[in-house]
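Structure data (compact mmCIF, C-alpha atoms) from my_file19.txt:
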# COMPACT_ATOMS: atom_id res chain seq x y z
CA MET A 176 -26.24 -16.47 -3.77
CA PRO A 177 -27.96 -16.85 -0.34
CA ARG A 178 -29.10 -13.72 1.53
CA LEU A 179 -26.44 -14.12 4.22
CA SER A 180 -23.66 -14.19 1.61
CA VAL A 181 -25.08 -11.00 0.09
CA TRP A 182 -24.78 -9.36 3.52
CA PHE A 183 -21.27 -10.72 4.16
CA ILE A 184 -20.00 -9.67 0.72
CA ARG A 185 -21.68 -6.25 0.66
CA ALA A 186 -20.32 -5.52 4.15
CA SER A 187 -16.85 -6.56 2.91
CA LEU A 188 -17.18 -4.15 -0.05
CA LEU A 189 -18.16 -1.33 2.31
CA TYR A 190 -15.09 -2.01 4.43
CA LEU A 191 -12.98 -2.12 1.28
CA THR A 192 -14.32 1.30 0.31
CA ILE A 193 -13.50 2.85 3.69
CA GLY A 194 -10.18 0.97 4.00
CA PHE A 195 -9.07 2.10 0.54
CA THR A 196 -10.11 5.68 1.34
CA PHE A 197 -8.08 5.70 4.58
CA GLY A 198 -5.12 4.14 2.72
CA ALA A 199 -5.28 6.74 -0.05
CA LEU A 200 -5.41 9.55 2.51
CA MET A 201 -2.36 8.16 4.33
CA LEU A 202 -0.38 7.66 1.11
CA ALA A 203 -1.17 11.17 -0.12
CA ASN A 204 -0.20 12.44 3.32
CA GLU A 205 3.14 10.65 2.93
CA GLY A 206 3.77 12.69 -0.22
CA PHE A 207 2.71 15.98 1.33
CA ALA A 208 2.30 16.19 5.07
CA ILE A 209 -1.23 17.56 4.96
CA ASP A 210 -2.15 16.57 8.51
CA LEU A 211 -0.10 14.50 10.95
CA HIS A 212 -3.28 13.06 12.47
CA ILE A 213 -4.03 11.18 9.23
CA ASP A 214 -1.34 8.64 10.17
CA HIS A 215 -3.49 7.66 13.15
CA LEU A 216 -5.87 5.99 10.70
CA LEU A 217 -3.39 3.10 10.22
CA PRO A 218 -4.98 0.66 12.74
CA ALA A 219 -8.46 1.32 11.28
CA HIS A 220 -7.06 0.91 7.74
CA MET A 221 -5.64 -2.50 8.65
CA GLU A 222 -8.75 -3.61 10.56
CA PHE A 223 -11.11 -2.64 7.74
CA LEU A 224 -9.00 -4.34 5.08
CA LEU A 225 -7.98 -7.59 6.83
CA PRO A 226 -10.94 -8.79 8.95
CA GLY A 227 -13.36 -6.33 7.30
CA TRP A 228 -12.62 -6.94 3.62
CA ILE A 229 -10.67 -10.15 3.15
CA MET A 230 -11.92 -12.31 6.04
CA GLN A 231 -15.54 -11.25 5.61
CA LEU A 232 -15.46 -11.82 1.83
CA ALA A 233 -13.96 -15.29 2.37
CA LEU A 234 -16.74 -16.20 4.83
CA GLY A 235 -19.45 -14.89 2.50
CA VAL A 236 -18.14 -16.79 -0.51
CA ALA A 237 -17.55 -19.97 1.55
CA TYR A 238 -21.13 -19.88 2.87
CA TRP A 239 -22.38 -19.57 -0.70
CA ILE A 240 -20.15 -22.02 -2.53
CA LEU A 241 -19.15 -24.90 -0.22
CA PRO A 242 -20.92 -28.23 -0.87
CA ARG A 243 -24.32 -28.26 0.84
CA TYR A 244 -25.45 -30.74 3.50
CA VAL A 245 -27.45 -33.67 2.14
CA LYS A 246 -29.61 -34.04 5.24
CA GLY A 247 -31.37 -31.19 7.05
CA LEU A 248 -30.73 -27.56 6.20
CA PRO A 249 -28.53 -27.26 3.08
CA ARG A 250 -26.19 -24.71 4.66
CA GLY A 251 -26.58 -25.73 8.30
CA ASN A 252 -27.90 -23.68 11.20
CA GLU A 253 -28.72 -20.35 9.56
CA ALA A 254 -29.27 -18.48 12.83
CA MET A 255 -25.76 -19.39 13.94
CA ALA A 256 -24.34 -18.17 10.61
CA TRP A 257 -26.16 -14.85 11.00
CA LEU A 258 -24.73 -14.62 14.51
CA SER A 259 -21.29 -15.02 12.96
CA LEU A 260 -21.95 -12.03 10.66
CA ILE A 261 -23.20 -9.88 13.53
CA PHE A 262 -20.35 -10.81 15.88
CA LEU A 263 -17.68 -10.24 13.22
CA ASN A 264 -18.96 -6.76 12.40
CA THR A 265 -19.47 -5.83 16.04
CA GLY A 266 -15.88 -6.99 16.69
CA ILE A 267 -14.45 -4.95 13.80
CA LEU A 268 -16.30 -1.81 14.94
CA LEU A 269 -15.24 -2.28 18.59
CA VAL A 270 -11.58 -2.66 17.55
CA THR A 271 -11.80 0.37 15.28
CA ILE A 272 -13.31 2.65 17.92
CA ASN A 273 -9.88 2.54 19.57
CA THR A 274 -8.47 4.39 16.54
CA PHE A 275 -10.55 7.45 17.37
CA PHE A 276 -10.99 7.12 21.15
CA PRO A 277 -8.29 5.37 23.20
CA LEU A 278 -10.33 2.56 24.76
CA ALA A 279 -7.94 -0.41 24.95
CA TRP A 280 -10.56 -2.73 26.43
CA PHE A 281 -12.66 -2.29 23.32
CA VAL A 282 -9.85 -3.86 21.30
CA VAL A 283 -9.79 -6.92 23.57
CA LEU A 284 -13.57 -7.17 23.49
CA GLY A 285 -13.57 -6.70 19.72
CA ARG A 286 -11.07 -9.51 19.22
CA VAL A 287 -13.21 -11.80 21.43
CA PHE A 288 -16.25 -10.99 19.26
CA GLU A 289 -14.22 -11.75 16.12
CA ALA A 290 -13.00 -15.08 17.53
CA VAL A 291 -16.54 -16.10 18.57
CA SER A 292 -17.74 -15.15 15.09
CA ILE A 293 -15.23 -17.47 13.44
CA LEU A 294 -16.03 -20.24 15.91
CA ALA A 295 -19.76 -19.92 15.10
CA PHE A 296 -19.01 -19.99 11.38
CA LEU A 297 -16.84 -23.09 11.74
CA LEU A 298 -19.57 -24.87 13.74
CA VAL A 299 -22.03 -24.21 10.93
CA SER A 300 -19.82 -24.78 7.90
CA LEU A 301 -16.79 -26.92 8.72
CA ARG A 302 -18.57 -30.19 7.88
CA ARG A 303 -19.37 -28.77 4.43
CA VAL A 304 -15.66 -29.09 3.58
CA ARG A 305 -15.89 -32.52 1.98
CA PRO A 306 -15.86 -34.11 -1.49
CA SER A 307 -18.81 -33.07 -3.69
CA ARG A 308 -21.38 -35.73 -4.63
CA MET B 296 -12.34 -17.61 -17.99
CA PRO B 297 -12.77 -14.04 -19.34
CA LEU B 298 -9.81 -12.06 -20.65
CA LEU B 299 -9.89 -9.48 -17.83
CA THR B 300 -9.82 -12.27 -15.24
CA ARG B 301 -6.71 -13.71 -16.88
CA TRP B 302 -5.06 -10.29 -16.75
CA PHE B 303 -6.02 -9.80 -13.09
CA ILE B 304 -4.79 -13.24 -12.05
CA ARG B 305 -1.55 -13.27 -14.06
CA THR B 306 -0.66 -9.76 -12.87
CA SER B 307 -1.42 -10.78 -9.29
CA PHE B 308 1.09 -13.61 -9.54
CA VAL B 309 3.74 -11.27 -10.95
CA TYR B 310 3.25 -9.07 -7.87
CA LEU B 311 3.41 -12.15 -5.63
CA GLY B 312 6.76 -13.13 -7.20
CA ILE B 313 8.20 -9.63 -6.76
CA GLY B 314 6.79 -9.46 -3.23
CA LEU B 315 8.37 -12.76 -2.24
CA ALA B 316 11.72 -11.67 -3.71
CA ILE B 317 11.63 -8.40 -1.74
CA GLY B 318 10.62 -10.41 1.34
CA ILE B 319 13.76 -12.55 0.96
CA LEU B 320 15.94 -9.44 0.60
CA LEU B 321 14.33 -7.82 3.65
CA ALA B 322 14.85 -10.96 5.73
CA ALA B 323 18.43 -11.41 4.53
CA GLN B 324 19.29 -7.81 5.30
CA SER B 325 20.04 -8.67 8.92
CA LEU B 326 22.66 -11.22 7.79
CA TRP B 327 25.02 -8.71 6.21
CA SER B 328 25.86 -5.07 6.79
CA SER B 329 24.24 -3.77 3.64
CA MET B 330 24.70 -0.20 2.51
CA LEU B 331 21.36 -0.47 0.73
CA PRO B 332 18.54 0.99 2.83
CA LEU B 333 16.16 -1.87 2.03
CA ALA B 334 13.78 -0.92 4.82
CA VAL B 335 12.35 1.75 2.49
CA PHE B 336 10.70 -1.10 0.55
CA PHE B 337 8.84 -2.48 3.57
CA SER B 338 5.55 -0.63 3.00
CA GLY B 339 5.75 -1.44 -0.72
CA TYR B 340 6.36 -5.10 0.15
CA ILE B 341 3.20 -5.24 2.29
CA HIS B 342 1.14 -3.58 -0.46
CA LEU B 343 2.60 -5.81 -3.18
CA LEU B 344 1.13 -8.74 -1.28
CA THR B 345 -2.15 -7.24 -0.05
CA VAL B 346 -3.13 -5.03 -3.02
CA GLY B 347 -1.01 -6.50 -5.82
CA TRP B 348 -1.54 -10.16 -5.08
CA LEU B 349 -4.59 -10.68 -2.80
CA THR B 350 -6.87 -7.88 -3.99
CA LEU B 351 -6.14 -8.31 -7.70
CA LEU B 352 -6.58 -12.09 -7.40
CA ILE B 353 -9.91 -11.63 -5.62
CA PHE B 354 -11.06 -9.04 -8.17
CA GLY B 355 -10.16 -11.37 -11.03
CA VAL B 356 -12.04 -14.32 -9.57
CA ALA B 357 -15.03 -12.19 -8.49
CA TYR B 358 -15.29 -10.68 -11.98
CA TRP B 359 -15.45 -14.20 -13.37
CA MET B 360 -17.60 -16.07 -10.82
CA PHE B 361 -20.10 -13.64 -9.27
CA PRO B 362 -23.74 -13.74 -10.47
CA LYS B 363 -24.20 -12.09 -13.86
CA TYR B 364 -25.52 -8.53 -13.90
CA SER B 365 -27.72 -8.80 -17.03
CA GLN B 366 -27.97 -10.58 -20.37
CA VAL B 367 -26.55 -7.56 -22.19
CA GLN B 368 -23.89 -6.67 -19.63
CA PRO B 369 -23.19 -9.95 -17.79
CA ARG B 370 -20.25 -8.48 -15.88
CA GLY B 371 -21.42 -4.88 -15.61
CA ASN B 372 -19.77 -1.99 -17.41
CA ASP B 373 -16.64 -3.54 -18.91
CA ALA B 374 -15.00 -0.22 -19.75
CA LEU B 375 -15.18 0.58 -16.03
CA ASN B 376 -13.80 -2.86 -15.12
CA TRP B 377 -10.82 -2.41 -17.45
CA ALA B 378 -10.32 1.11 -16.13
CA ALA B 379 -10.23 -0.37 -12.60
CA PHE B 380 -7.54 -2.85 -13.65
CA ILE B 381 -5.37 -0.18 -15.32
CA LEU B 382 -5.81 2.42 -12.55
CA LEU B 383 -5.01 -0.07 -9.77
CA ASN B 384 -1.87 -1.29 -11.51
CA LEU B 385 -0.67 2.16 -12.50
CA GLY B 386 -1.26 3.44 -8.97
CA LEU B 387 0.47 0.50 -7.35
CA VAL B 388 3.55 0.72 -9.60
CA MET B 389 3.76 4.48 -8.96
CA ARG B 390 3.72 3.74 -5.24
CA LEU B 391 6.40 1.06 -5.51
CA VAL B 392 8.69 3.49 -7.32
CA GLY B 393 7.72 6.72 -5.61
CA GLU B 394 7.65 5.68 -1.97
CA PRO B 395 11.30 4.57 -1.58
CA LEU B 396 12.50 7.52 -3.63
CA ASP B 397 10.40 9.93 -1.58
CA ILE B 398 11.98 8.58 1.60
CA LEU B 399 15.54 8.69 0.20
CA ARG B 400 15.38 11.92 -1.81
CA ARG B 401 12.42 13.88 -0.60
CA ASN B 402 11.23 16.42 -3.13
CA ALA B 403 7.98 17.71 -4.60
CA PHE B 404 8.07 15.38 -7.63
CA TRP B 405 8.09 12.18 -5.58
CA GLY B 406 5.53 13.73 -3.23
CA TRP B 407 3.14 14.38 -6.11
CA LEU B 408 3.80 10.89 -7.48
CA LEU B 409 2.53 9.46 -4.19
CA VAL B 410 -0.53 11.71 -4.26
CA PHE B 411 -1.36 10.55 -7.80
CA SER B 412 -0.65 6.95 -6.86
CA ALA B 413 -3.14 7.26 -3.99
CA LEU B 414 -5.73 8.86 -6.27
CA LEU B 415 -5.37 6.27 -9.06
CA GLN B 416 -5.58 3.30 -6.69
CA TRP B 417 -8.60 4.79 -4.96
CA LEU B 418 -10.37 5.44 -8.26
CA GLY B 419 -9.52 1.92 -9.48
CA GLY B 420 -10.88 0.37 -6.29
CA MET B 421 -14.08 2.43 -6.41
CA ALA B 422 -14.68 1.64 -10.10
CA PHE B 423 -14.45 -2.08 -9.42
CA ILE B 424 -16.61 -1.92 -6.28
CA LEU B 425 -19.27 0.07 -8.14
CA ASN B 426 -19.56 -2.66 -10.76
CA LEU B 427 -19.31 -5.61 -8.40
CA TRP B 428 -21.88 -4.22 -5.95
CA LYS B 429 -24.70 -4.69 -8.48
CA ARG B 430 -23.69 -8.34 -8.97
CA VAL B 431 -23.83 -9.21 -5.26
CA ARG B 432 -27.47 -10.28 -5.08
CA MET B 433 -29.73 -13.27 -4.58
CA LYS B 434 -30.51 -15.21 -7.74

Represent the structure contained in this file as structure tokens.
Amino acid sequence: MPRLSVWFIRASLLYLTIGFTFGALMLANEGFAIDLHIDHLLPAHMEFLLPGWIMQLALGVAYWILPRYVKGLPRGNEAMAWLSLIFLNTGILLVTINTFFPLAWFVVLGRVFEAVSILAFLLVSLRRVRPSR
Amino acid sequence: MPLLTRWFIRTSFVYLGIGLAIGILLAAQSLWSSMLPLAVFFSGYIHLLTVGWLTLLIFGVAYWMFPKYSQVQPRGNDALNWAAFILLNLGLVMRLVGEPLDILRRNAFWGWLLVFSALLQWLGGMAFILNLWKRVRMK
């Protein structure tokens, strides 16, 4: 498994840990209203589990397992792929800040970071989606 | 494909089937004036698909395909992996039953069921993550 996939997948497991914890708190709070503020964790719960866990895991596994390029670098421009990791995580954190401090612009900015991250990943990896040799 | 993977994947497809059926009922609800308060299943429907289908499917495939941990324990502590499978399923089923009933007939029993459901799912998730973490490494 390449180093970048290790980072993608470990980050996804960290988000899964936090996302599951927020989800468990909200579900327990549904059973017994411990604290009404716990419900405010919902946007962070969704952000951590969808882009944070599932999307990030998919990118990490794809970078590892897709057929490699025959010419040049086997997995394409590595710097660009690292940029994708950094932009995705910056985006997730910017979006999540809004859960705790109402900063609507951070959500917009976060989504832009996430979109740029995916674009960078596609530029590096899309041509790897081809029949194996 | 290891036995636990088969259990994870087959169970995930059972949840997908139930989730899709509930999705049809929820969508069809607007077509007739039903006395059944189907909206109480909405949260369960989302979690059937995201926890029951997606997460269990991913766990099953990851358990199978990720780099081996060691010669002796290629997939980590298997007792912990099986515990994760059982806890996640038990917790999810408790949620699917308890959540609608807690909304419709709120009482302490259903409340506690949700608390236990949350605890079991959390423990199941953490057990699996703990094992998988050690297998996410460069060869």

In Å, with one decimal, what is the gap from atom CA of Leu298 of chain A to atom CA of Gly355 of chain B?
29.7 Å

Could you tell me which residues of chain B sit within 7 Å of chain A when counting only C-alpha atoms, and give me the result as a PDB file with C-alpha atoms, in the frame of the given file?
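Wrote part_22.pdb, looks like this:
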ATOM      1  CA  TRP B 405       8.090  12.180  -5.580  1.00  0.00           C
ATOM      2  CA  GLY B 406       5.530  13.730  -3.230  1.00  0.00           C
ATOM      3  CA  TRP B 407       3.140  14.380  -6.110  1.00  0.00           C
ATOM      4  CA  LEU B 409       2.530   9.460  -4.190  1.00  0.00           C
ATOM      5  CA  VAL B 410      -0.530  11.710  -4.260  1.00  0.00           C
ATOM      6  CA  ALA B 413      -3.140   7.260  -3.990  1.00  0.00           C
ATOM      7  CA  LEU B 414      -5.730   8.860  -6.270  1.00  0.00           C
ATOM      8  CA  TRP B 417      -8.600   4.790  -4.960  1.00  0.00           C
ATOM      9  CA  MET B 421     -14.080   2.430  -6.410  1.00  0.00           C
ATOM     10  CA  ILE B 424     -16.610  -1.920  -6.280  1.00  0.00           C
ATOM     11  CA  TRP B 428     -21.880  -4.220  -5.950  1.00  0.00           C
ATOM     12  CA  VAL B 431     -23.830  -9.210  -5.260  1.00  0.00           C
ATOM     13  CA  ARG B 432     -27.470 -10.280  -5.080  1.00  0.00           C
ATOM     14  CA  MET B 433     -29.730 -13.270  -4.580  1.00  0.00           C
ATOM     15  CA  LYS B 434     -30.510 -15.210  -7.740  1.00  0.00           C
TER      16      LYS B 434
END

Please work out which residues fall within 10 Å of (-29.8, -18.6, 6.3), coordinates as given in the file, with all atoms listed in the file counting, and return them as a list in words.
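Checking each residue against the 10 Å limit leaves Pro177, Arg178, Leu179, Ser180, Tyr238, Leu248, Pro249, Arg250, Gly251, Asn252, Glu253, Ala254, Met255, Ala256 and Trp257 of chain A.
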
Using C-alpha atoms, can you export the residues from the last selection as a PDB file, keeping the file's coordinate frame?
ATOM      1  CA  PRO A 177     -27.960 -16.850  -0.340  1.00  0.00           C
ATOM      2  CA  ARG A 178     -29.100 -13.720   1.530  1.00  0.00           C
ATOM      3  CA  LEU A 179     -26.440 -14.120   4.220  1.00  0.00           C
ATOM      4  CA  SER A 180     -23.660 -14.190   1.610  1.00  0.00           C
ATOM      5  CA  TYR A 238     -21.130 -19.880   2.870  1.00  0.00           C
ATOM      6  CA  LEU A 248     -30.730 -27.560   6.200  1.00  0.00           C
ATOM      7  CA  PRO A 249     -28.530 -27.260   3.080  1.00  0.00           C
ATOM      8  CA  ARG A 250     -26.190 -24.710   4.660  1.00  0.00           C
ATOM      9  CA  GLY A 251     -26.580 -25.730   8.300  1.00  0.00           C
ATOM     10  CA  ASN A 252     -27.900 -23.680  11.200  1.00  0.00           C
ATOM     11  CA  GLU A 253     -28.720 -20.350   9.560  1.00  0.00           C
ATOM     12  CA  ALA A 254     -29.270 -18.480  12.830  1.00  0.00           C
ATOM     13  CA  MET A 255     -25.760 -19.390  13.940  1.00  0.00           C
ATOM     14  CA  ALA A 256     -24.340 -18.170  10.610  1.00  0.00           C
ATOM     15  CA  TRP A 257     -26.160 -14.850  11.000  1.00  0.00           C
TER      16      TRP A 257
END

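Across B:Ile398, B:Leu326, B:Leu311, B:Leu321, the tightest approach to Leu351 of chain B is made by B:Leu311 when counting all atoms listed in the file.
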
Contact residues around Pro242 of chain A with only C-alpha atoms at 10 Å, ignoring same-chain residues under 4 positions, as a list in words
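Once the nearby chain positions are removed, what remains is Ala237, Tyr238, Pro249, Arg250, Ser300, Arg302, Arg303, Val304, Arg305, Pro306, Ser307 and Arg308 of chain A.
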
Identify, on the basis of all atoms listed in the file, every residue whose closest approach to Phe336 of chain B does not exceed 12 Å; exclude the query and any residue fewer than 6 positions from it along the same chain; express the result as a PyMOL selection string.
chain B and resi 313-314+316-322+324+342-343+390-399

What does the distance between atom CA of Phe303 of chain B and atom CA of Leu217 of chain A come to in Å, to one decimal place?
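Atom-to-atom, atom CA of Phe303 of chain B to atom CA of Leu217 of chain A, that is 26.8 Å.
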
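What separates atom CA of Leu415 of chain B from atom CA of Gly386 of chain B is a distance of 5.0 Å.
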
Just add N, CA and C atoms to segment 334-369 of chain B and send it as a PDB file, keeping the file's coordinate frame.
ATOM      1  N   ALA B 334      14.989  -1.126   4.017  1.00  0.00           N
ATOM      2  CA  ALA B 334      13.780  -0.920   4.820  1.00  0.00           C
ATOM      3  C   ALA B 334      12.785   0.013   4.129  1.00  0.00           C
ATOM      4  N   VAL B 335      13.263   0.826   3.199  1.00  0.00           N
ATOM      5  CA  VAL B 335      12.350   1.750   2.490  1.00  0.00           C
ATOM      6  C   VAL B 335      11.348   0.982   1.617  1.00  0.00           C
ATOM      7  N   PHE B 336      11.618  -0.294   1.369  1.00  0.00           N
ATOM      8  CA  PHE B 336      10.700  -1.100   0.550  1.00  0.00           C
ATOM      9  C   PHE B 336       9.639  -1.821   1.389  1.00  0.00           C
ATOM     10  N   PHE B 337       9.715  -1.661   2.724  1.00  0.00           N
ATOM     11  CA  PHE B 337       8.840  -2.480   3.570  1.00  0.00           C
ATOM     12  C   PHE B 337       7.343  -2.231   3.279  1.00  0.00           C
ATOM     13  N   SER B 338       6.968  -0.947   3.246  1.00  0.00           N
ATOM     14  CA  SER B 338       5.550  -0.630   3.000  1.00  0.00           C
ATOM     15  C   SER B 338       5.133  -1.120   1.604  1.00  0.00           C
ATOM     16  N   GLY B 339       6.028  -0.947   0.632  1.00  0.00           N
ATOM     17  CA  GLY B 339       5.750  -1.440  -0.720  1.00  0.00           C
ATOM     18  C   GLY B 339       5.586  -2.951  -0.740  1.00  0.00           C
ATOM     19  N   TYR B 340       6.421  -3.632   0.046  1.00  0.00           N
ATOM     20  CA  TYR B 340       6.360  -5.100   0.150  1.00  0.00           C
ATOM     21  C   TYR B 340       4.987  -5.548   0.654  1.00  0.00           C
ATOM     22  N   ILE B 341       4.515  -4.899   1.728  1.00  0.00           N
ATOM     23  CA  ILE B 341       3.200  -5.240   2.290  1.00  0.00           C
ATOM     24  C   ILE B 341       2.101  -5.023   1.236  1.00  0.00           C
ATOM     25  N   HIS B 342       2.202  -3.895   0.512  1.00  0.00           N
ATOM     26  CA  HIS B 342       1.140  -3.580  -0.460  1.00  0.00           C
ATOM     27  C   HIS B 342       1.252  -4.402  -1.749  1.00  0.00           C
ATOM     28  N   LEU B 343       2.463  -4.861  -2.056  1.00  0.00           N
ATOM     29  CA  LEU B 343       2.600  -5.810  -3.180  1.00  0.00           C
ATOM     30  C   LEU B 343       1.761  -7.055  -2.884  1.00  0.00           C
ATOM     31  N   LEU B 344       1.835  -7.507  -1.633  1.00  0.00           N
ATOM     32  CA  LEU B 344       1.130  -8.740  -1.280  1.00  0.00           C
ATOM     33  C   LEU B 344      -0.369  -8.528  -1.051  1.00  0.00           C
ATOM     34  N   THR B 345      -0.731  -7.421  -0.403  1.00  0.00           N
ATOM     35  CA  THR B 345      -2.150  -7.240  -0.050  1.00  0.00           C
ATOM     36  C   THR B 345      -2.970  -6.638  -1.201  1.00  0.00           C
ATOM     37  N   VAL B 346      -2.398  -5.627  -1.882  1.00  0.00           N
ATOM     38  CA  VAL B 346      -3.130  -5.030  -3.020  1.00  0.00           C
ATOM     39  C   VAL B 346      -2.776  -5.788  -4.300  1.00  0.00           C
ATOM     40  N   GLY B 347      -1.461  -5.912  -4.568  1.00  0.00           N
ATOM     41  CA  GLY B 347      -1.010  -6.500  -5.820  1.00  0.00           C
ATOM     42  C   GLY B 347      -1.421  -7.950  -5.982  1.00  0.00           C
ATOM     43  N   TRP B 348      -1.205  -8.744  -4.951  1.00  0.00           N
ATOM     44  CA  TRP B 348      -1.540 -10.160  -5.080  1.00  0.00           C
ATOM     45  C   TRP B 348      -2.990 -10.425  -4.639  1.00  0.00           C
ATOM     46  N   LEU B 349      -3.280 -10.267  -3.327  1.00  0.00           N
ATOM     47  CA  LEU B 349      -4.590 -10.680  -2.800  1.00  0.00           C
ATOM     48  C   LEU B 349      -5.762  -9.971  -3.477  1.00  0.00           C
ATOM     49  N   THR B 350      -5.707  -8.633  -3.488  1.00  0.00           N
ATOM     50  CA  THR B 350      -6.870  -7.880  -3.990  1.00  0.00           C
ATOM     51  C   THR B 350      -7.066  -8.108  -5.490  1.00  0.00           C
ATOM     52  N   LEU B 351      -5.974  -8.083  -6.261  1.00  0.00           N
ATOM     53  CA  LEU B 351      -6.140  -8.310  -7.700  1.00  0.00           C
ATOM     54  C   LEU B 351      -6.624  -9.727  -7.991  1.00  0.00           C
ATOM     55  N   LEU B 352      -6.129 -10.696  -7.222  1.00  0.00           N
ATOM     56  CA  LEU B 352      -6.580 -12.090  -7.400  1.00  0.00           C
ATOM     57  C   LEU B 352      -8.078 -12.205  -7.098  1.00  0.00           C
ATOM     58  N   ILE B 353      -8.491 -11.597  -5.998  1.00  0.00           N
ATOM     59  CA  ILE B 353      -9.910 -11.630  -5.620  1.00  0.00           C
ATOM     60  C   ILE B 353     -10.760 -10.932  -6.688  1.00  0.00           C
ATOM     61  N   PHE B 354     -10.302  -9.765  -7.147  1.00  0.00           N
ATOM     62  CA  PHE B 354     -11.060  -9.040  -8.170  1.00  0.00           C
ATOM     63  C   PHE B 354     -11.208  -9.888  -9.439  1.00  0.00           C
ATOM     64  N   GLY B 355     -10.123 -10.539  -9.821  1.00  0.00           N
ATOM     65  CA  GLY B 355     -10.160 -11.370 -11.030  1.00  0.00           C
ATOM     66  C   GLY B 355     -11.153 -12.501 -10.907  1.00  0.00           C
ATOM     67  N   VAL B 356     -11.142 -13.180  -9.767  1.00  0.00           N
ATOM     68  CA  VAL B 356     -12.040 -14.320  -9.570  1.00  0.00           C
ATOM     69  C   VAL B 356     -13.490 -13.833  -9.411  1.00  0.00           C
ATOM     70  N   ALA B 357     -13.676 -12.727  -8.676  1.00  0.00           N
ATOM     71  CA  ALA B 357     -15.030 -12.190  -8.490  1.00  0.00           C
ATOM     72  C   ALA B 357     -15.627 -11.760  -9.823  1.00  0.00           C
ATOM     73  N   TYR B 358     -14.833 -11.123 -10.659  1.00  0.00           N
ATOM     74  CA  TYR B 358     -15.290 -10.680 -11.980  1.00  0.00           C
ATOM     75  C   TYR B 358     -15.797 -11.873 -12.801  1.00  0.00           C
ATOM     76  N   TRP B 359     -15.132 -12.989 -12.619  1.00  0.00           N
ATOM     77  CA  TRP B 359     -15.450 -14.200 -13.370  1.00  0.00           C
ATOM     78  C   TRP B 359     -16.668 -14.930 -12.787  1.00  0.00           C
ATOM     79  N   MET B 360     -16.696 -15.109 -11.441  1.00  0.00           N
ATOM     80  CA  MET B 360     -17.600 -16.070 -10.820  1.00  0.00           C
ATOM     81  C   MET B 360     -18.889 -15.488 -10.231  1.00  0.00           C
ATOM     82  N   PHE B 361     -18.918 -14.187  -9.940  1.00  0.00           N
ATOM     83  CA  PHE B 361     -20.100 -13.640  -9.270  1.00  0.00           C
ATOM     84  C   PHE B 361     -21.319 -13.696 -10.223  1.00  0.00           C
ATOM     85  N   PRO B 362     -22.544 -13.690  -9.635  1.00  0.00           N
ATOM     86  CA  PRO B 362     -23.740 -13.740 -10.470  1.00  0.00           C
ATOM     87  C   PRO B 362     -23.710 -12.666 -11.550  1.00  0.00           C
ATOM     88  N   LYS B 363     -24.225 -13.014 -12.713  1.00  0.00           N
ATOM     89  CA  LYS B 363     -24.200 -12.090 -13.860  1.00  0.00           C
ATOM     90  C   LYS B 363     -25.118 -10.894 -13.593  1.00  0.00           C
ATOM     91  N   TYR B 364     -24.731  -9.752 -14.123  1.00  0.00           N
ATOM     92  CA  TYR B 364     -25.520  -8.530 -13.900  1.00  0.00           C
ATOM     93  C   TYR B 364     -26.767  -8.531 -14.791  1.00  0.00           C
ATOM     94  N   SER B 365     -26.584  -8.747 -16.104  1.00  0.00           N
ATOM     95  CA  SER B 365     -27.720  -8.800 -17.030  1.00  0.00           C
ATOM     96  C   SER B 365     -27.300  -9.589 -18.274  1.00  0.00           C
ATOM     97  N   GLN B 366     -28.281  -9.862 -19.127  1.00  0.00           N
ATOM     98  CA  GLN B 366     -27.970 -10.580 -20.370  1.00  0.00           C
ATOM     99  C   GLN B 366     -27.041  -9.751 -21.246  1.00  0.00           C
ATOM    100  N   VAL B 367     -27.313  -8.449 -21.311  1.00  0.00           N
ATOM    101  CA  VAL B 367     -26.550  -7.560 -22.190  1.00  0.00           C
ATOM    102  C   VAL B 367     -25.173  -7.258 -21.590  1.00  0.00           C
ATOM    103  N   GLN B 368     -25.154  -6.994 -20.311  1.00  0.00           N
ATOM    104  CA  GLN B 368     -23.890  -6.670 -19.630  1.00  0.00           C
ATOM    105  C   GLN B 368     -23.672  -7.682 -18.499  1.00  0.00           C
ATOM    106  N   PRO B 369     -23.262  -8.910 -18.841  1.00  0.00           N
ATOM    107  CA  PRO B 369     -23.190  -9.950 -17.790  1.00  0.00           C
ATOM    108  C   PRO B 369     -22.241  -9.586 -16.642  1.00  0.00           C
TER     109      PRO B 369
END
